[in-house]
Amino acid sequence: MSFFCSISGEPPQDPVVSSKSGHVYERRLILKYINENGTDPITGDKLEESDLVSVKANPKAAPPRPPNATSIPALLQTLQNEWDATMLETFALRQQYNSLRQELSYALYAQDAAQRVVARLIKERDAAREALSSVAATMNVEVPAQAGDVEMTEAAQEAGGLPADVLKQIDETHQKLSAVRKKRKAPEGYATVEDVKGFTAKHTIPSLHSPSPAGITSLAVSTANPSQFLTGGNDKVVQLYDRSTDKVLVQLKGHTKKITHVAFREHQDEPTLILSTGADKIAKVWAHDTASGEYLPKATIRTHKGEVTGLAVHPTSTLVAFGSTDHTWSLHDLTNFNQVFRSPEAEEAFHSLSIHPDGTLVAVGTPGGLIQVFDIRTGALAASLQPEGAAPFTVNSLSFSENGYHLAAPDSLSSVAVWDLRKPKIAKSIALGDAFKVNRVAYDISAGFLGVAGNEGLRVFAHKTWEELARFEEGGEVADFVFGQDGKEIWGVTGREVRIWGAAS
């Protein structure tokens with residue numbers, strides 16, 4: 001059996017083995033390397049002389065004679081030293097060569113990625129210029145010619161209001177909805193207080209999403225097909241499920257971090273859209289293709305620089321609003337997925353968002369307990385709501401009542417306030433117990449029921465009387481919930497399950 005020095009590649013005269021890496025070296029070469037570097041030349045790990053183990057050859061073999069102090073042996077010793085130095089230098093050069101090859105590979109990859117980014121930005125710039133020209137033509141405003149690219153500052157992004165056609169849609173929707181709001185009543189056959197008091201667990205859909213990381217974070221139920229619902233999870237996936245067939249219809253991927261919100265956009269004569277937001281700072285949109293029956297990716301929106309924590313489809317069904325921890329909220333057109341407005345940067349991050357049922361107000365919640373209400377048409381601050389003397393807490397959920405008079409939101413870690421927007425002041429504060437932590441609040445479409453989900457389950461209260469009608473604790477913590485069709489069911493997510501409560505059959 002023969003072996004070779006890992007440095008020189010020659011059979012060693014005095015072989016030693018590293019007890020850490022197992023490599024064989026010529027003793028004099030490795031000792032020189034250790035004295036200069038203190039590491040193993042192959043693995044790079046820390047190495048000392050005490051870590052070297054001598055290799056015992058045939059005991060009868062005579063060791064090489066040491067050179068004598070004569071002229072020829074002295075010359076041979078000099079040549080040996082030169083050889084050793086050459087071997088060490090060759091080894092070092094070989095390591096540097098391999099390192100340079102890796103660095104060159106990384107540099108070429110980074111250059112290619114940079115070129116792709118530049119090409120995308122140029123494309124977006126050209127599209128923005130075309131959009132600007134179109135808006136300018138609509139508003140009869142001249143656009144000054146630019147000799148080159150213009151640096152887009154924060155002030156430039158925030159300047160200007162909504163396009164004229166978007167304002168028109170919002171105003172028309174507001175007039176139409178506000179005209180009937182005061183007379184709006186619950187549909188015939190809608191659930192009553194007595195019905196809700198009798199709600200029990202009806203159905204459980206288990207084992208949704210991946211078990212690692214486990215947990216459903218958001219829920220949305222279709223109004224066009226009440227048996228279908230959306231879930232977003234910690235596994236970065238959006239699932240569309242059909243309760244009637246107990247099957248996952250589609251899994252939508254594209255996020256790189258957990259999903260924060262999901263929503264449907266269902267509008268007559270328009271394709272159904274699925275929207276999602278994530279902790280990866282993006283929002284994604286998929287559209288239903290009637291020909292194939294599949295949901296095809298339509299847009300990835302990268303407006304925000306922080307986690308997207310709010311998602312609400314505007315009553316026009318042509319706009320969607322996003323809130324983010326980057327201290328801004330934005331409005332996007334669902335026909336072309338372009339941004340039509342982004343708010344100036346606020347002092348605090350936004351952790352929740354909700355749109356008024358008439359479509360003219362948007363409310364956002366902050367980690368300091370403050371609720372800010374903006375006029376969606378101008379971006380101007382309409383109201384600031386904050387409980388007096390409350391300890392610091394995060395407004396992580398908001399919900400306008402359907403009649404537009406009230407806004408529900410946490411007013412502490414374990415209580416929920418109902419704000420009367422006509423005053424404005426707190427009309428009622430509902431204490432939930434010191435151990436309760438609020439995850440989500442929501443009104444039903446009749447404004448007759450208010451639901452509160454948290455770490456101890458789900459509770460439902462009657463609006464105005466604030467009587468607790470139902471309490472569902474069997475599934476543990478409820479991360480999100482939705483009132484079902486005609487208020488006859490309540491859907492909630494607990495862990496990896498979707499639970500449905502309703503009247504006993």
# chains A, B, ... in the order shown; residues from 1 in each chain; ligands from 1

$ select_by_dssp --residues "stretch 110-322 of chain A" --states "strand (DSSP E or B)" --output "ChimeraX atom specification"
/A:199-205,216-221,228-233,238-242,247-252,259-265,273-278,283-288,295-301,308-313,319-322

$ atom_distance --atom1 "atom CA of A:Leu76" --atom2 "atom CA of A:Val17"
26.4 Å

$ residues_around --residues "A:His203" --least-positions-apart "2" --cutoff "9 Å" --atoms "only C-alpha atoms" --output "MDAnalysis selection string"
chainID A and resid 201 205 498:502

$ residues_around --residues "A:Lys258" --least-positions-apart "5" --cutoff "6 Å" --atoms "only C-alpha atoms" --output "PyMOL selection string"
chain A and resi 234+236+278-279
